Each structure stands twice: as structure tokens, then as C-alpha cells.
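Q: One structure coming up, written as C-alpha cells, with questions to follow.
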Amino acid sequence: MSLNAALRLMAGTVIVASLALAVYVNFNWLLLTAFVGFNLLQSAFTGWCPAITAFQKMGLKQEPKPDQGMSVNQGVHIIAGAIVLATSGAVFLEFAPFQLLIVTGIVGLSLVQSAFSGWCPAITIARLMGFKSAN
């Protein structure tokens, strides 16, 4: 498994788990959901998040980056992170109805399955937006 696939697996799992905890235990678990969204978003620009360090120590290798421009993986992080942060934040701050978290859950599940299949809608969207695959 590549580092990026492991990162999508972990992020998606934490998103889905924190949503379940927000629904069944305490609404404040949405802060963890938003934190994951923020980490996905910032890692697209910085190339680092706490999980990356752990996965590198486990021996996982990062996929090659394109010579120019941002990679598809960075695009996926931007798309998923922005959606997760916006939806969970809007619901937590009571700007949007609780049902909006269905979108957040779909993004989380999509990230999980993409770790195994190598594809999710955000990958296609990132490619259509001009993010580059490795050369």
C-alpha cells in the first residue's frame, strides 16, 4: 500500500468513526471530523501531516510527484478536505442542518474505498481540474 492510499484509508476511517461518535455519543466529535478535513487540506499544500510521519516510519513509500504542477493526490486532499471541513464546520456551527453530514460520510467512505480500489470520484474530479499524474 502506498503512503497516499494509507492516508486516504486513515482519513476516511476517522471521518466515518467521528461522525458516528457525533451522532451517537456527543456532538463535539464533529471537531475531530473538521480537524481531519483541515489536515487533508493543509497537507495538500505542505506535503505533511502527522499521519505521514507515522506511515513513513512504517516503511510506506510516497507515490512519485509530477515534474510540474500539483499531483492528483494533492487534488484529492484539497477536494475532500474542503468538503469535510466545510460540511462538518457548518453543521457544528449550526449554519446548516445535521443532514448535511451525509455528504461528509460519503466523502469519508469514498476515501476508504479508494485506498483499496485506487479510484474515487475526487480522483476523477482532480484530473478534470488539471491536477497531474506522476510521470
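Quick note on naming: the chains in the C-alpha cells go A, B, ... in the order shown, residues restart at 1 in each chain, and ligands are numbered from 1 in order of appearance.
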Give me, as a list in words, all polymer residues having an atom no more than 8 Å from stretch 11-26 of chain A, counting only C-alpha atoms and skipping those fewer than 6 positions away in the same chain.
A: Leu32, Thr33, Val36, Leu40, Leu101, Thr104, Gly105, Val107, Gly108, Leu109, Ser110, Leu111 and Val112 of chain A
Q: Those selected residues, please, written with N, CA, C and O atoms and delivered as a compact mmCIF listing (two decimals), in the first residue's frame.
A:
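Once everything was written out, this is part-v8.txt:
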# COMPACT_ATOMS: atom_id res chain seq x y z
N LEU A 32 -13.37 16.64 15.64
CA LEU A 32 -12.37 15.71 15.09
C LEU A 32 -12.57 15.57 13.58
O LEU A 32 -11.60 15.56 12.82
N THR A 33 -13.82 15.49 13.15
CA THR A 33 -14.11 15.42 11.71
C THR A 33 -13.54 16.64 11.00
O THR A 33 -12.87 16.51 9.97
N VAL A 36 -9.74 16.52 10.72
CA VAL A 36 -9.27 15.66 9.63
C VAL A 36 -9.39 16.40 8.30
O VAL A 36 -8.48 16.36 7.47
N LEU A 40 -6.28 17.27 5.84
CA LEU A 40 -6.23 16.91 4.42
C LEU A 40 -5.94 18.13 3.57
O LEU A 40 -5.10 18.09 2.67
N LEU A 101 -24.37 16.19 7.02
CA LEU A 101 -23.28 15.27 7.35
C LEU A 101 -23.32 13.99 6.51
O LEU A 101 -22.34 13.24 6.47
N THR A 104 -20.60 14.44 4.18
CA THR A 104 -19.32 14.19 4.84
C THR A 104 -19.07 12.69 4.94
O THR A 104 -17.95 12.22 4.69
N GLY A 105 -20.10 11.94 5.30
CA GLY A 105 -19.97 10.48 5.40
C GLY A 105 -19.65 9.84 4.06
O GLY A 105 -18.83 8.92 3.98
N VAL A 107 -18.05 11.25 1.58
CA VAL A 107 -16.64 11.56 1.29
C VAL A 107 -15.74 10.62 2.09
O VAL A 107 -14.77 10.07 1.55
N GLY A 108 -16.04 10.41 3.37
CA GLY A 108 -15.24 9.50 4.20
C GLY A 108 -15.22 8.08 3.66
O GLY A 108 -14.16 7.46 3.53
N LEU A 109 -16.39 7.57 3.30
CA LEU A 109 -16.47 6.21 2.74
C LEU A 109 -15.76 6.12 1.40
O LEU A 109 -15.12 5.12 1.09
N SER A 110 -15.86 7.18 0.61
CA SER A 110 -15.18 7.21 -0.68
C SER A 110 -13.66 7.16 -0.51
O SER A 110 -12.96 6.47 -1.26
N LEU A 111 -13.15 7.87 0.49
CA LEU A 111 -11.71 7.83 0.76
C LEU A 111 -11.28 6.43 1.18
O LEU A 111 -10.22 5.95 0.76
N VAL A 112 -12.09 5.78 2.01
CA VAL A 112 -11.75 4.42 2.46
C VAL A 112 -11.69 3.47 1.27
O VAL A 112 -10.71 2.74 1.10
Q: Would you list the contacts of A:Ala126 as a list in words, taking every protein, DNA or RNA residue within 8 Å and counting only C-alpha atoms, but skipping same-chain residues closer than 2 positions in sequence?
A: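 In the requested form, the answer reads Val72, Gly75, Val76, Ile79, Ala122, Ile123, Thr124, Leu128, Met129, Gly130 and Phe131 of chain A.
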Q: Dump N, CA, C and O atoms for the selected residues as a compact mmCIF listing (two decimals), in the first residue's frame?
A:
# COMPACT_ATOMS: atom_id res chain seq x y z
N VAL A 72 -2.40 14.62 -8.52
CA VAL A 72 -3.79 14.18 -8.33
C VAL A 72 -4.05 13.94 -6.85
O VAL A 72 -5.12 14.30 -6.34
N GLY A 75 -4.76 17.08 -5.24
CA GLY A 75 -6.10 17.50 -5.62
C GLY A 75 -7.17 16.79 -4.81
O GLY A 75 -8.14 17.41 -4.38
N VAL A 76 -6.98 15.49 -4.60
CA VAL A 76 -7.93 14.73 -3.78
C VAL A 76 -7.96 15.28 -2.36
O VAL A 76 -9.02 15.45 -1.76
N ILE A 79 -9.90 18.63 -2.44
CA ILE A 79 -11.34 18.42 -2.64
C ILE A 79 -11.98 17.81 -1.39
O ILE A 79 -12.96 18.33 -0.85
N ALA A 122 -13.29 11.93 -6.38
CA ALA A 122 -12.37 13.06 -6.24
C ALA A 122 -11.14 12.91 -7.12
O ALA A 122 -10.57 13.91 -7.57
N ILE A 123 -10.72 11.69 -7.40
CA ILE A 123 -9.58 11.46 -8.29
C ILE A 123 -9.93 11.91 -9.70
O ILE A 123 -9.15 12.61 -10.35
N THR A 124 -11.10 11.53 -10.17
CA THR A 124 -11.55 11.95 -11.50
C THR A 124 -11.72 13.46 -11.56
O THR A 124 -11.29 14.11 -12.52
N LEU A 128 -9.79 16.14 -13.94
CA LEU A 128 -10.52 17.07 -14.81
C LEU A 128 -10.15 18.52 -14.50
O LEU A 128 -10.21 19.38 -15.39
N MET A 129 -9.77 18.80 -13.26
CA MET A 129 -9.38 20.15 -12.86
C MET A 129 -7.93 20.47 -13.25
O MET A 129 -7.47 21.59 -13.04
N GLY A 130 -7.21 19.49 -13.79
CA GLY A 130 -5.85 19.74 -14.27
C GLY A 130 -4.74 19.29 -13.34
O GLY A 130 -3.57 19.58 -13.60
N PHE A 131 -5.07 18.60 -12.26
CA PHE A 131 -4.02 18.06 -11.40
C PHE A 131 -3.33 16.94 -12.17
O PHE A 131 -3.94 16.22 -12.95
Q: How would you write, as a PyMOL selection string, the set of residues in chain A that DSSP gives as alpha helix (DSSP H)?
A: chain A and resi 3-24+30-46+50-57+72-92+101-117+121-128
Q: Please provide as a list in words all residues within 9 Å of A:Lys132, with the sequence filter that same-chain residues fewer than 4 positions apart are discarded (counting only C-alpha atoms).
A: Lys65, Pro66, Asp67, Gln68, Gly69, Met70, Ser71, Val72, Asn73, Gly75, Ala126 and Arg127 of chain A
Q: Using only C-alpha atoms, pick whichever of A:Gln56, A:Ser133, A:Ser88, A:Ser43 has the shortest atom-to-atom distance to A:Met1.
A: A:Gln56
Q: Leaving out A:Asn39 and any residue of its chain fewer than 3 positions from it, which residues lie within 9 Å of it when counting only C-alpha atoms, given as a list in words?
A: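 Neighbouring residues, sequence-local ones excluded: Ala34, Phe35, Val36, Gln42, Ser43, Ala44, Trp48, Cys49, Pro50, His77 and Gly81 of chain A.
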Q: Counting only C-alpha atoms, which residue out of A:Ala80, A:Leu31, A:Ala6, A:Leu41 sits closest to A:Gly118?
A: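 Looking only at the distances to A:Gly118, the closest residue turns out to be A:Ala6.
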Q: For each of A:Val91, A:Ala51, A:Val84, A:Asn4, take the minimum atom-to-atom distance to A:Asn28, counting only C-alpha atoms, then give the residue where this is smallest.
A: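 The shortest atom-to-atom distance to A:Asn28 comes from A:Val91.
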Q: Using only C-alpha atoms for the distances, tell me which of A:Gln74, A:Gly89, A:Phe27, A:Ser114 is nearest to A:Thr46.
A: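 Under the stated criterion, the closest residue is A:Gln74.
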Q: Using Å and a single decimal, report how far atom CA of A:Leu30 sits from atom CA of A:Ser117.
A: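 We find that atom CA of A:Ser117 and atom CA of A:Leu30 lie 27.3 Å from each other.
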Q: Go through A:Ala90, A:Leu100, A:Ile106, A:Leu3 and flag the residue nearest A:Lys61, using only C-alpha atoms for the distances.
A: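 Nearest candidate to A:Lys61 out of A:Ala90, A:Leu100, A:Ile106, A:Leu3: A:Leu3.
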Q: To one decimal place in Å, what is the distance between atom CA of A:Phe116 and atom CA of A:Met10?
A: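 These atoms are spaced 11.9 Å apart.
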Q: My list of candidates is A:Ser2, A:Phe38, A:Phe95, A:Leu7. Which is closest to A:Ala82 when distances are computed with only C-alpha atoms?
A: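 The answer is A:Phe38, which sits nearest to A:Ala82.
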